[in-house]
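Printed here is model-v2.txt (compact mmCIF, C-alpha atoms and all ligand atoms):
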```txt
# COMPACT_ATOMS: atom_id res chain seq x y z
CA MET A 17 -0.29 32.01 -18.21
CA ALA A 18 1.11 29.85 -15.42
CA ILE A 19 1.41 26.30 -14.11
CA VAL A 20 0.23 25.29 -10.64
CA ILE A 21 1.64 22.17 -8.99
CA ILE A 22 -0.82 20.38 -6.71
CA ARG A 23 0.25 17.32 -4.76
CA GLN A 24 0.14 16.40 -1.09
CA ASP A 25 3.36 14.43 -0.66
CA ASN A 26 5.67 17.41 -0.03
CA LYS A 27 7.28 17.03 -3.46
CA GLU A 28 5.71 20.16 -4.98
CA GLN A 29 8.83 22.29 -4.42
CA LEU A 30 11.02 19.59 -5.98
CA TRP A 31 8.89 19.68 -9.15
CA LYS A 32 8.80 23.49 -9.18
CA ASP A 33 12.60 23.67 -8.90
CA ALA A 34 13.01 21.09 -11.66
CA LEU A 35 10.64 22.99 -13.97
CA LEU A 36 12.46 26.26 -13.32
CA ALA A 37 15.84 24.61 -13.83
CA ALA A 38 14.62 23.53 -17.27
CA ASP A 39 13.04 26.91 -18.09
CA SER A 40 13.79 29.81 -15.76
CA LYS A 41 11.22 32.08 -17.48
CA LEU A 42 8.30 29.82 -16.62
CA ALA A 43 5.55 31.12 -14.34
CA VAL A 44 5.06 28.23 -11.93
CA TYR A 45 3.58 28.04 -8.44
CA THR A 46 3.07 25.38 -5.86
CA TYR A 47 -0.52 25.35 -4.63
CA LYS A 48 0.71 26.44 -1.19
CA GLU A 49 1.99 29.79 -2.56
CA GLU A 50 0.11 33.05 -3.20
CA TYR A 51 -0.93 33.43 -6.85
CA ASN A 52 -3.81 34.63 -8.96
CA PRO A 53 -5.99 31.59 -9.88
CA ASP A 54 -7.02 33.43 -13.09
CA ASP A 55 -3.43 33.07 -14.38
CA ILE A 56 -3.34 29.28 -14.19
CA ASP A 57 -3.75 27.42 -17.48
CA MET A 58 -2.09 24.10 -16.60
CA ALA A 59 -2.35 22.06 -13.39
CA LEU A 60 0.44 19.53 -12.82
CA ILE A 61 -1.03 17.22 -10.23
CA TRP A 62 -0.62 14.04 -8.25
CA LYS A 63 -3.44 13.02 -5.88
CA HIS A 64 -4.67 16.57 -5.46
CA PRO A 65 -7.10 17.50 -2.64
CA GLU A 66 -10.63 16.79 -3.87
CA GLY A 67 -12.26 19.88 -5.38
CA SER A 68 -8.99 21.82 -5.69
CA LEU A 69 -9.04 21.72 -9.51
CA ALA A 70 -12.30 23.67 -9.62
CA GLU A 71 -10.56 26.86 -8.48
CA PHE A 72 -9.05 27.87 -11.83
CA PRO A 73 -11.45 29.65 -14.23
CA ASN A 74 -8.93 29.65 -17.12
CA LEU A 75 -7.55 26.13 -16.71
CA LYS A 76 -6.88 24.49 -20.09
CA CYS A 77 -5.20 21.20 -19.21
CA ILE A 78 -4.78 18.75 -16.32
CA ALA A 79 -1.42 16.98 -16.39
CA SER A 80 -1.18 13.90 -14.17
CA ASN A 81 2.28 13.52 -12.74
CA GLY A 82 1.90 9.76 -12.86
CA ALA A 83 0.81 7.13 -15.36
CA GLY A 84 -2.54 6.61 -13.66
CA VAL A 85 -5.42 9.09 -13.84
CA ASP A 86 -8.09 7.23 -11.84
CA TYR A 87 -7.80 9.74 -8.97
CA ILE A 88 -8.82 12.58 -11.33
CA PHE A 89 -12.01 10.83 -12.49
CA GLU A 90 -12.81 10.00 -8.85
CA ASP A 91 -13.01 13.73 -8.03
CA ASP A 92 -16.58 14.78 -8.97
CA LYS A 93 -15.56 18.45 -8.96
CA ALA A 94 -12.57 18.03 -11.30
CA PRO A 95 -13.12 19.68 -14.72
CA THR A 96 -12.68 16.40 -16.60
CA HIS A 97 -14.04 17.93 -19.83
CA LEU A 98 -10.56 19.52 -20.20
CA PRO A 99 -7.71 17.62 -21.87
CA ILE A 100 -6.02 15.26 -19.38
CA THR A 101 -2.48 14.03 -19.98
CA ARG A 102 -0.49 11.35 -18.17
CA VAL A 103 3.14 10.32 -17.87
CA VAL A 104 4.62 7.89 -20.37
CA ASP A 105 8.28 7.59 -19.52
CA LYS A 106 11.10 5.12 -20.05
CA PHE A 107 12.28 5.21 -16.42
CA LEU A 108 8.74 4.77 -15.08
CA ALA A 109 8.44 1.67 -17.27
CA ALA A 110 11.96 0.34 -16.52
CA ASP A 111 11.57 0.85 -12.76
CA MET A 112 8.25 -0.99 -12.77
CA SER A 113 9.76 -3.82 -14.75
CA GLU A 114 12.72 -4.13 -12.34
CA HIS A 115 10.35 -4.15 -9.35
CA VAL A 116 8.18 -6.92 -10.79
CA LEU A 117 11.22 -8.94 -11.92
CA ALA A 118 12.62 -8.76 -8.38
CA LEU A 119 9.32 -10.02 -6.95
CA ILE A 120 9.02 -12.89 -9.43
CA LEU A 121 12.61 -14.05 -8.89
CA ALA A 122 12.21 -13.81 -5.11
CA TYR A 123 9.06 -15.94 -5.41
CA LEU A 124 10.66 -18.61 -7.60
CA LYS A 125 13.70 -18.86 -5.33
CA ASN A 126 11.78 -18.72 -1.99
CA ILE A 127 13.71 -15.65 -0.79
CA GLU A 128 10.88 -14.37 1.46
CA HIS A 129 10.36 -17.83 2.90
CA TYR A 130 14.02 -18.14 3.88
CA LYS A 131 13.99 -14.69 5.49
CA VAL A 132 11.33 -15.94 7.90
CA ASP A 133 13.26 -19.20 8.47
CA GLN A 134 16.41 -17.18 9.19
CA PHE A 135 14.53 -15.10 11.74
CA ASN A 136 13.41 -18.33 13.44
CA LYS A 137 16.85 -20.04 13.04
CA ILE A 138 15.35 -22.80 10.85
CA TRP A 139 17.62 -24.64 8.35
CA LYS A 140 15.22 -26.23 5.85
CA PRO A 141 15.91 -26.30 2.10
CA ILE A 142 12.77 -26.30 -0.06
CA GLN A 143 12.46 -26.96 -3.78
CA TYR A 144 13.01 -23.87 -5.90
CA LYS A 145 11.27 -23.18 -9.22
CA ARG A 146 12.86 -22.56 -12.63
CA ILE A 147 12.24 -19.57 -14.93
CA ALA A 148 11.75 -21.79 -17.99
CA ASP A 149 8.96 -23.73 -16.26
CA PHE A 150 6.86 -20.66 -15.49
CA LYS A 151 4.26 -18.72 -17.43
CA ILE A 152 3.76 -15.10 -16.46
CA GLY A 153 0.45 -13.48 -17.40
CA ILE A 154 0.31 -9.69 -17.57
CA LEU A 155 -3.19 -8.30 -17.05
CA GLY A 156 -3.06 -4.86 -18.71
CA PHE A 157 -0.70 -5.12 -21.61
CA GLY A 158 -0.02 -1.43 -22.26
CA THR A 159 3.04 0.80 -21.87
CA LEU A 160 4.31 -0.75 -18.64
CA GLY A 161 3.10 -4.27 -19.33
CA GLN A 162 4.88 -4.50 -22.67
CA VAL A 163 8.22 -3.27 -21.29
CA LEU A 164 7.89 -5.84 -18.50
CA ALA A 165 7.12 -8.57 -21.05
CA THR A 166 10.17 -7.68 -23.12
CA ASP A 167 12.40 -7.88 -20.03
CA LEU A 168 10.84 -11.16 -18.87
CA ILE A 169 11.43 -12.70 -22.30
CA LYS A 170 15.13 -11.74 -22.04
CA PHE A 171 15.28 -13.69 -18.78
CA GLY A 172 13.77 -16.75 -20.47
CA PHE A 173 10.23 -16.60 -19.04
CA ASN A 174 7.13 -17.68 -20.95
CA VAL A 175 4.93 -14.60 -21.15
CA GLN A 176 1.37 -13.80 -22.17
CA GLY A 177 -0.58 -10.55 -21.99
CA TRP A 178 -4.22 -9.51 -21.81
CA SER A 179 -5.58 -6.17 -23.01
CA ASN A 180 -8.57 -4.60 -24.73
CA SER A 181 -6.96 -4.69 -28.16
CA ARG A 182 -4.64 -7.41 -29.47
CA LYS A 183 -0.90 -6.71 -29.40
CA SER A 184 1.93 -8.03 -31.48
CA LEU A 185 5.08 -8.56 -29.43
CA ASP A 186 7.74 -11.10 -30.33
CA LYS A 187 7.46 -14.39 -28.37
CA VAL A 188 4.45 -13.17 -26.35
CA GLN A 189 0.94 -14.54 -26.75
CA SER A 190 -1.58 -11.72 -26.76
CA PHE A 191 -5.14 -12.23 -25.50
CA ALA A 192 -7.79 -9.57 -26.05
CA GLY A 193 -11.11 -8.75 -24.43
CA GLN A 194 -13.47 -10.52 -22.03
CA ASP A 195 -13.95 -13.44 -24.42
CA GLU A 196 -10.29 -14.47 -24.11
CA LEU A 197 -9.79 -13.76 -20.41
CA SER A 198 -10.56 -17.31 -19.20
CA GLU A 199 -8.13 -18.85 -21.69
CA PHE A 200 -5.43 -16.39 -20.59
CA LEU A 201 -6.04 -17.16 -16.90
CA ALA A 202 -6.05 -20.95 -17.32
CA THR A 203 -2.30 -21.03 -18.08
CA THR A 204 -1.10 -18.05 -16.00
CA GLU A 205 1.03 -19.17 -13.05
CA VAL A 206 2.15 -15.70 -11.95
CA LEU A 207 -0.45 -13.01 -12.58
CA VAL A 208 0.80 -9.40 -12.74
CA CYS A 209 -1.88 -6.69 -12.69
CA LEU A 210 -0.89 -3.58 -14.65
CA LEU A 211 -4.36 -2.41 -15.61
CA PRO A 212 -5.58 1.15 -15.23
CA LEU A 213 -8.36 1.50 -12.64
CA THR A 214 -11.62 2.16 -14.47
CA GLU A 215 -15.28 1.20 -14.06
CA GLU A 216 -14.57 -1.96 -16.09
CA THR A 217 -11.48 -3.05 -14.15
CA ALA A 218 -12.48 -2.16 -10.56
CA GLY A 219 -12.64 -5.35 -8.50
CA ILE A 220 -11.36 -7.53 -11.36
CA LEU A 221 -8.99 -9.39 -9.03
CA ASN A 222 -11.76 -11.32 -7.32
CA LYS A 223 -12.62 -14.90 -6.34
CA GLU A 224 -14.14 -15.75 -9.71
CA LEU A 225 -10.95 -14.68 -11.51
CA PHE A 226 -8.63 -16.37 -8.98
CA GLN A 227 -10.52 -19.67 -9.37
CA GLN A 228 -9.69 -19.67 -13.08
CA LEU A 229 -5.95 -19.60 -12.37
CA PRO A 230 -4.07 -22.89 -11.88
CA LYS A 231 -3.68 -24.06 -8.28
CA ASN A 232 -0.70 -22.40 -6.52
CA ALA A 233 -0.75 -19.35 -8.79
CA TYR A 234 0.95 -16.23 -7.44
CA ILE A 235 -0.56 -12.71 -7.64
CA ILE A 236 1.32 -9.43 -8.10
CA ASN A 237 -0.77 -6.25 -7.95
CA VAL A 238 1.23 -3.15 -8.81
CA ALA A 239 -1.65 -1.28 -10.48
CA ARG A 240 -4.27 0.03 -8.02
CA GLY A 241 -5.80 -1.22 -4.78
CA GLY A 242 -9.26 -0.83 -6.34
CA HIS A 243 -8.55 -3.75 -8.69
CA LEU A 244 -8.45 -6.19 -5.79
CA VAL A 245 -11.22 -7.60 -3.61
CA ASP A 246 -9.13 -7.95 -0.45
CA ALA A 247 -11.37 -10.53 1.28
CA ASP A 248 -11.37 -12.74 -1.84
CA LEU A 249 -7.58 -12.72 -1.96
CA ILE A 250 -7.32 -13.69 1.71
CA GLU A 251 -9.87 -16.49 1.25
CA MET A 252 -8.02 -17.92 -1.76
CA LEU A 253 -4.65 -17.72 0.02
CA ASP A 254 -6.06 -19.37 3.14
CA ASN A 255 -7.76 -22.21 1.25
CA GLY A 256 -4.49 -22.93 -0.57
CA HIS A 257 -5.64 -22.16 -4.12
CA LEU A 258 -3.19 -19.25 -4.38
CA SER A 259 0.37 -19.65 -3.11
CA GLY A 260 1.04 -15.99 -2.32
CA ALA A 261 0.68 -12.36 -3.30
CA SER A 262 2.84 -9.27 -3.61
CA LEU A 263 0.97 -6.00 -3.26
CA ASP A 264 2.21 -2.47 -3.87
CA VAL A 265 -1.16 -0.71 -3.94
CA TYR A 266 -4.17 -0.71 -1.60
CA HIS A 267 -7.72 0.58 -1.27
CA GLN A 268 -6.51 2.92 1.44
CA GLU A 269 -2.97 4.35 1.36
CA PRO A 270 -1.27 4.25 3.78
CA LEU A 271 -2.96 0.98 4.66
CA SER A 272 -4.60 1.05 8.08
CA THR A 273 -2.57 -0.81 10.68
CA ASP A 274 -5.44 -3.18 11.51
CA HIS A 275 -5.70 -4.50 7.93
CA PRO A 276 -5.14 -8.32 7.79
CA PHE A 277 -2.58 -7.97 4.95
CA TRP A 278 0.07 -6.69 7.37
CA GLU A 279 0.34 -9.96 9.26
CA HIS A 280 -0.65 -12.42 6.57
CA PRO A 281 2.23 -14.91 6.05
CA LYS A 282 1.50 -15.24 2.30
CA VAL A 283 1.25 -11.51 1.58
CA HIS A 284 4.32 -9.47 0.70
CA MET A 285 3.81 -5.69 0.88
CA THR A 286 5.53 -2.61 -0.52
CA PRO A 287 4.25 0.97 0.04
CA HIS A 288 3.09 2.07 -3.46
CA TYR A 289 6.61 2.73 -4.60
CA ALA A 290 7.14 0.20 -7.40
CA SER A 291 7.87 3.03 -9.81
CA VAL A 292 7.73 6.81 -9.44
CA SER A 293 7.99 9.65 -11.96
CA ASP A 294 11.56 10.86 -12.30
CA THR A 295 11.67 14.68 -12.45
CA ASN A 296 14.54 15.01 -14.95
CA SER A 297 13.10 12.45 -17.29
CA VAL A 298 9.47 13.63 -17.12
CA ILE A 299 9.93 17.44 -17.19
CA PRO A 300 10.61 17.60 -20.98
CA GLN A 301 7.19 16.06 -21.83
CA ILE A 302 5.46 18.46 -19.40
CA LEU A 303 7.22 21.47 -20.97
CA GLU A 304 6.54 20.21 -24.47
CA ASN A 305 2.85 19.89 -23.65
CA TYR A 306 2.82 23.36 -22.10
CA ARG A 307 4.30 24.76 -25.30
CA ARG A 308 1.75 22.85 -27.38
CA LEU A 309 -1.05 24.13 -25.17
CA GLN A 310 -0.04 27.75 -25.87
CA ASN A 311 0.11 27.01 -29.61
CA ASN A 312 -3.13 25.02 -29.77
CA GLU A 313 -1.24 21.93 -30.96
CA PRO A 314 -2.26 18.34 -30.11
CA LEU A 315 -0.99 17.29 -26.67
CA LEU A 316 1.23 14.26 -25.98
CA ASN A 317 0.04 11.32 -23.88
CA LEU A 318 -3.60 12.32 -23.87
CA VAL A 319 -6.03 10.28 -21.81
CA SER A 320 -9.13 8.95 -23.55
CA LYS A 321 -12.26 10.20 -21.75
CA THR A 322 -14.36 7.37 -23.09
CA LYS A 323 -11.90 4.68 -21.99
CA GLY A 324 -10.94 6.41 -18.72
CA TYR A 325 -7.21 5.72 -19.20
P1 LIG A 401 -1.57 1.93 -20.34
O1 LIG A 401 -2.80 2.75 -20.52
O2 LIG A 401 -0.44 2.13 -21.26
O3 LIG A 401 -1.96 0.37 -20.42
C1 LIG A 401 -3.13 -0.13 -19.88
C2 LIG A 401 -3.41 -1.51 -20.48
O4 LIG A 401 -4.58 -2.04 -19.88
C3 LIG A 401 -3.67 -1.45 -21.99
O5 LIG A 401 -3.07 -2.56 -22.60
C4 LIG A 401 -5.19 -1.58 -22.09
O6 LIG A 401 -5.65 -2.19 -23.29
C5 LIG A 401 -5.46 -2.48 -20.91
N1 LIG A 401 -6.85 -2.35 -20.45
C6 LIG A 401 -7.47 -1.27 -19.93
N2 LIG A 401 -8.74 -1.55 -19.62
C7 LIG A 401 -8.94 -2.84 -19.97
C8 LIG A 401 -10.05 -3.72 -19.91
N3 LIG A 401 -11.25 -3.31 -19.41
N4 LIG A 401 -9.89 -4.97 -20.37
C9 LIG A 401 -8.73 -5.40 -20.89
N5 LIG A 401 -7.62 -4.60 -20.97
C10 LIG A 401 -7.74 -3.35 -20.51
O7 LIG A 401 -1.12 2.13 -18.83
P2 LIG A 401 0.34 1.97 -18.21
O8 LIG A 401 0.90 0.67 -18.65
O9 LIG A 401 1.13 3.19 -18.46
O10 LIG A 401 0.00 1.94 -16.64
C11 LIG A 401 -0.86 0.97 -16.10
C12 LIG A 401 -1.21 1.30 -14.66
O11 LIG A 401 -0.12 1.05 -13.80
C13 LIG A 401 -1.54 2.77 -14.37
O12 LIG A 401 -2.87 3.09 -14.75
C14 LIG A 401 -1.33 2.86 -12.88
O13 LIG A 401 -2.54 2.60 -12.20
C15 LIG A 401 -0.32 1.75 -12.59
N6 LIG A 401 0.97 2.27 -12.10
C16 LIG A 401 1.40 1.91 -10.85
C17 LIG A 401 2.61 2.37 -10.37
C18 LIG A 401 3.13 1.95 -9.04
O14 LIG A 401 4.13 2.49 -8.57
N7 LIG A 401 2.53 0.98 -8.39
C19 LIG A 401 3.47 3.25 -11.18
C20 LIG A 401 2.94 3.53 -12.48
C21 LIG A 401 1.73 3.07 -12.91
P3 LIG A 401 -5.41 -1.48 -24.72
O15 LIG A 401 -3.92 -1.46 -24.92
O16 LIG A 401 -6.10 -2.36 -25.69
O17 LIG A 401 -5.99 -0.10 -24.59
C1 LIG A 402 1.45 6.15 -11.29
C2 LIG A 402 1.78 5.68 -9.96
O1 LIG A 402 0.32 5.98 -11.71
O2 LIG A 402 2.84 6.07 -9.44
O3 LIG A 402 2.35 6.69 -11.96
O4 LIG A 402 1.03 4.92 -9.35
```
Now, as a test, write the supplied structure out as structure tokens.
Ligand code: NDP
Ligand code: OXD
Amino acid sequence: MAIVIIRQDNKEQLWKDALLAADSKLAVYTYKEEYNPDDIDMALIWKHPEGSLAEFPNLKCIASNGAGVDYIFEDDKAPTHLPITRVVDKFLAADMSEHVLALILAYLKNIEHYKVDQFNKIWKPIQYKRIADFKIGILGFGTLGQVLATDLIKFGFNVQGWSNSRKSLDKVQSFAGQDELSEFLATTEVLVCLLPLTEETAGILNKELFQQLPKNAYIINVARGGHLVDADLIEMLDNGHLSGASLDVYHQEPLSTDHPFWEHPKVHMTPHYASVSDTNSVIPQILENYRRLQNNEPLLNLVSKTKGY
């Protein structure tokens, strides 16, 4: 019985050390080490090389080291019939919320705009916007979306959320399903995408959706690049319907240097780092699931195969 850590961002040793610090008796390998694949019963992964999960005949569980699991379903050779778990963590949620809050406040107060003016030595005050006058719409009103909504409410924002099933959160209007999407969009002035990437949500941030937002709406995509139709965003920014966009995630990561987003004056970019799993905080749920796996107990934070998230 052993855990293998598979990720390609050079953080596998960090996670191994953290697991061993929590339980020194654990059998745990990084995928770069020598080990017997027959021994592996849990794979702790983040954007693994395609096909690499097919190497373990006794694998019992795939544990995503992030909240998203889209990359697992995209790998045709991954044994997706096995239980798949994901990270649900208070720091992952709080960090995401802080990132989005920073972007929204910077947008309302023209911080990016002034940075460019400063660079060009231009002194030109422009009207700022007030929190109380703005409605934030959160597309994907799950674990991260609801923490963000709670924080936004504390700041005095008007908030609404859209999800598959209706939610009940104090002071937040909840919209559910395709039938209520248009109504949700019609009053959303800053749209934050926090959906999982699935067959249903791929390409959801497209021209048809943008046209249903009020003129000058602002887009924040911190979910997955696959949600966005890049050309549609550029068209709607260039024709003035949308006032700007902040993007953390892209179809290709790192984004190729010839992509138009890099030089677009209305696009603000960050390198898929809005929120990352914190080892100390996340290790206990991994170890708890490993213990449950050995004892045939129900796992925490299981992904639904039918929903794909
Ligand atoms: P959850 O699964 O908790 O929430 C997803 C929400 O989306 C749920 O409210 C769900 O509805 C809703 N949803 C899913 N599909 C649909 C649909 N077809 N129509 C309407 N609503 C839908 O996920 P998290 O909040 O934990 O994470 C969201 C995503 O954020 C992750 O999948 C990941 O891609 C991204 N992420 C990005 C990070 C970054 O650094 N940029 C960091 C962490 C996560 P319901 O509640 O009814 O099921
Ligand atoms: C995640 C992410 O899904 O970091 O956790 O994108």
Which neighbours of Leu197 of chain A fall inside 8 Å, counting only C-alpha atoms, when residues of the same chain fewer than 5 positions from it are skipped, and could you give them as a PyMOL selection string?
-> chain A and resi 178+191-192
Could you please extract the residues within 6 Å of ligand LIG 401 (chain A), counting only C-alpha atoms and all ligand atoms, and hand them back as a short mmCIF file (atom, residue, chain, number, x, y, z; two decimals) with C-alpha atoms, in the frame of the given file?
```cif
data_model
loop_
_atom_site.label_atom_id
_atom_site.label_comp_id
_atom_site.auth_asym_id
_atom_site.auth_seq_id
_atom_site.Cartn_x
_atom_site.Cartn_y
_atom_site.Cartn_z
CA ALA A 83 0.81 7.13 -15.36
CA GLY A 84 -2.54 6.61 -13.66
CA GLY A 156 -3.06 -4.86 -18.71
CA PHE A 157 -0.70 -5.12 -21.61
CA GLY A 158 -0.02 -1.43 -22.26
CA THR A 159 3.04 0.80 -21.87
CA LEU A 160 4.31 -0.75 -18.64
CA GLY A 161 3.10 -4.27 -19.33
CA SER A 179 -5.58 -6.17 -23.01
CA ASN A 180 -8.57 -4.60 -24.73
CA SER A 181 -6.96 -4.69 -28.16
CA GLY A 193 -11.11 -8.75 -24.43
CA LEU A 210 -0.89 -3.58 -14.65
CA LEU A 211 -4.36 -2.41 -15.61
CA PRO A 212 -5.58 1.15 -15.23
CA LEU A 213 -8.36 1.50 -12.64
CA GLU A 216 -14.57 -1.96 -16.09
CA THR A 217 -11.48 -3.05 -14.15
CA VAL A 238 1.23 -3.15 -8.81
CA ALA A 239 -1.65 -1.28 -10.48
CA ARG A 240 -4.27 0.03 -8.02
CA ASP A 264 2.21 -2.47 -3.87
CA HIS A 288 3.09 2.07 -3.46
CA TYR A 289 6.61 2.73 -4.60
CA ALA A 290 7.14 0.20 -7.40
CA SER A 291 7.87 3.03 -9.81
CA VAL A 292 7.73 6.81 -9.44
CA TYR A 325 -7.21 5.72 -19.20
#
```
What's the 9 Å shell around Leu207 of chain A, counting all atoms listed in the file, without same-chain residues fewer than 6 positions away, as number ranges by chain?
-> A: 151-155, 201, 229, 233-237
Hey, what's within 8 Å of segment 64-67 of chain A if we count all atoms listed in the file and toss same-chain stuff fewer than 2 positions away? As a PyMOL selection string, please?
-> chain A and resi 22-24+61-62+69-71+91-94
Between atom CA of Val208 of chain A and atom CA of Val132 of chain A, what is the spacing in Å?
->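 It comes out at 24.1 Å.
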Residue among A:Glu215, A:Glu205, A:Glu304, A:Asp133 lying closest to Ala261 of chain A, counting only C-alpha atoms =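 Of A:Glu215, A:Glu205, A:Glu304, A:Asp133, the one nearest Ala261 of chain A, counting only C-alpha atoms, is A:Glu205.
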Atom CA of Leu316 of chain A to atom CA of Ala218 of chain A, distance in Å rounded to a single decimal |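 Interatomic distance here is 26.4 Å.
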Rounded to one decimal in Å, what is the spacing between atom CA of Pro230 of chain A and atom CA of Ala202 of chain A?
->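 It comes out at 6.1 Å.
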Output as AutoDock Vina command-line options the centre and edge lengths (Å, one decimal) of the box along x, y and z of the file that holds every listed atom of segment 197-209 of chain A after adding 5 Å on each side.
```
--center_x -4.2 --center_y -13.9 --center_z -16.8 --size_x 22.7 --size_y 24.3 --size_z 19.7
```
Protein and nucleic acid residues near (7.5, -11.0, -10.2) (cut-off 9 Å, only C-alpha atoms) as a short mmCIF file (atom, residue, chain, number, x, y, z; two decimals) with C-alpha atoms, in the frame of the given file:
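What ended up in part26.cif:
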```
data_model
loop_
_atom_site.label_atom_id
_atom_site.label_comp_id
_atom_site.auth_asym_id
_atom_site.auth_seq_id
_atom_site.Cartn_x
_atom_site.Cartn_y
_atom_site.Cartn_z
CA SER A 113 9.76 -3.82 -14.75
CA GLU A 114 12.72 -4.13 -12.34
CA HIS A 115 10.35 -4.15 -9.35
CA VAL A 116 8.18 -6.92 -10.79
CA LEU A 117 11.22 -8.94 -11.92
CA ALA A 118 12.62 -8.76 -8.38
CA LEU A 119 9.32 -10.02 -6.95
CA ILE A 120 9.02 -12.89 -9.43
CA LEU A 121 12.61 -14.05 -8.89
CA ALA A 122 12.21 -13.81 -5.11
CA TYR A 123 9.06 -15.94 -5.41
CA LEU A 124 10.66 -18.61 -7.60
CA ILE A 152 3.76 -15.10 -16.46
CA VAL A 206 2.15 -15.70 -11.95
CA LEU A 207 -0.45 -13.01 -12.58
CA VAL A 208 0.80 -9.40 -12.74
CA TYR A 234 0.95 -16.23 -7.44
CA ILE A 235 -0.56 -12.71 -7.64
CA ILE A 236 1.32 -9.43 -8.10
CA SER A 262 2.84 -9.27 -3.61
#
```
Take segment 83-88 of chain A, model all heavy atoms, and hand the result over as an mmCIF file, keeping the file's coordinate frame.
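The result, written out as out.cif:
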```
data_model
loop_
_atom_site.group_PDB
_atom_site.id
_atom_site.type_symbol
_atom_site.label_atom_id
_atom_site.label_comp_id
_atom_site.auth_asym_id
_atom_site.auth_seq_id
_atom_site.Cartn_x
_atom_site.Cartn_y
_atom_site.Cartn_z
ATOM 1 N N ALA A 83 1.412 7.822 -14.210
ATOM 2 C CA ALA A 83 0.810 7.130 -15.360
ATOM 3 C C ALA A 83 -0.693 6.996 -15.171
ATOM 4 O O ALA A 83 -1.462 7.038 -16.120
ATOM 5 C CB ALA A 83 1.442 5.748 -15.511
ATOM 6 N N GLY A 84 -1.116 6.823 -13.941
ATOM 7 C CA GLY A 84 -2.540 6.610 -13.660
ATOM 8 C C GLY A 84 -3.292 7.924 -13.546
ATOM 9 O O GLY A 84 -2.732 8.954 -13.141
ATOM 10 N N VAL A 85 -4.582 7.883 -13.911
ATOM 11 C CA VAL A 85 -5.420 9.090 -13.840
ATOM 12 C C VAL A 85 -6.731 8.815 -13.113
ATOM 13 O O VAL A 85 -7.610 9.663 -13.079
ATOM 14 C CB VAL A 85 -5.719 9.641 -15.260
ATOM 15 C CG1 VAL A 85 -4.465 10.212 -15.900
ATOM 16 C CG2 VAL A 85 -6.331 8.564 -16.149
ATOM 17 N N ASP A 86 -6.857 7.627 -12.533
ATOM 18 C CA ASP A 86 -8.090 7.230 -11.840
ATOM 19 C C ASP A 86 -8.500 8.249 -10.780
ATOM 20 O O ASP A 86 -9.682 8.552 -10.605
ATOM 21 C CB ASP A 86 -7.903 5.849 -11.205
ATOM 22 C CG ASP A 86 -6.555 5.707 -10.497
ATOM 23 O OD1 ASP A 86 -5.522 5.744 -11.188
ATOM 24 O OD2 ASP A 86 -6.555 5.602 -9.262
ATOM 25 N N TYR A 87 -7.512 8.796 -10.062
ATOM 26 C CA TYR A 87 -7.800 9.740 -8.970
ATOM 27 C C TYR A 87 -8.431 11.033 -9.500
ATOM 28 O O TYR A 87 -9.118 11.735 -8.753
ATOM 29 C CB TYR A 87 -6.522 10.039 -8.159
ATOM 30 C CG TYR A 87 -5.456 10.777 -8.943
ATOM 31 C CD1 TYR A 87 -5.290 12.150 -8.815
ATOM 32 C CD2 TYR A 87 -4.630 10.111 -9.837
ATOM 33 C CE1 TYR A 87 -4.328 12.833 -9.547
ATOM 34 C CE2 TYR A 87 -3.665 10.779 -10.579
ATOM 35 C CZ TYR A 87 -3.520 12.135 -10.430
ATOM 36 O OH TYR A 87 -2.572 12.817 -11.160
ATOM 37 N N ILE A 88 -8.212 11.360 -10.767
ATOM 38 C CA ILE A 88 -8.820 12.580 -11.330
ATOM 39 C C ILE A 88 -10.300 12.324 -11.595
ATOM 40 O O ILE A 88 -11.160 13.132 -11.229
ATOM 41 C CB ILE A 88 -8.094 12.999 -12.639
ATOM 42 C CG1 ILE A 88 -6.600 13.212 -12.363
ATOM 43 C CG2 ILE A 88 -8.739 14.259 -13.228
ATOM 44 C CD1 ILE A 88 -5.756 13.517 -13.597
#
```
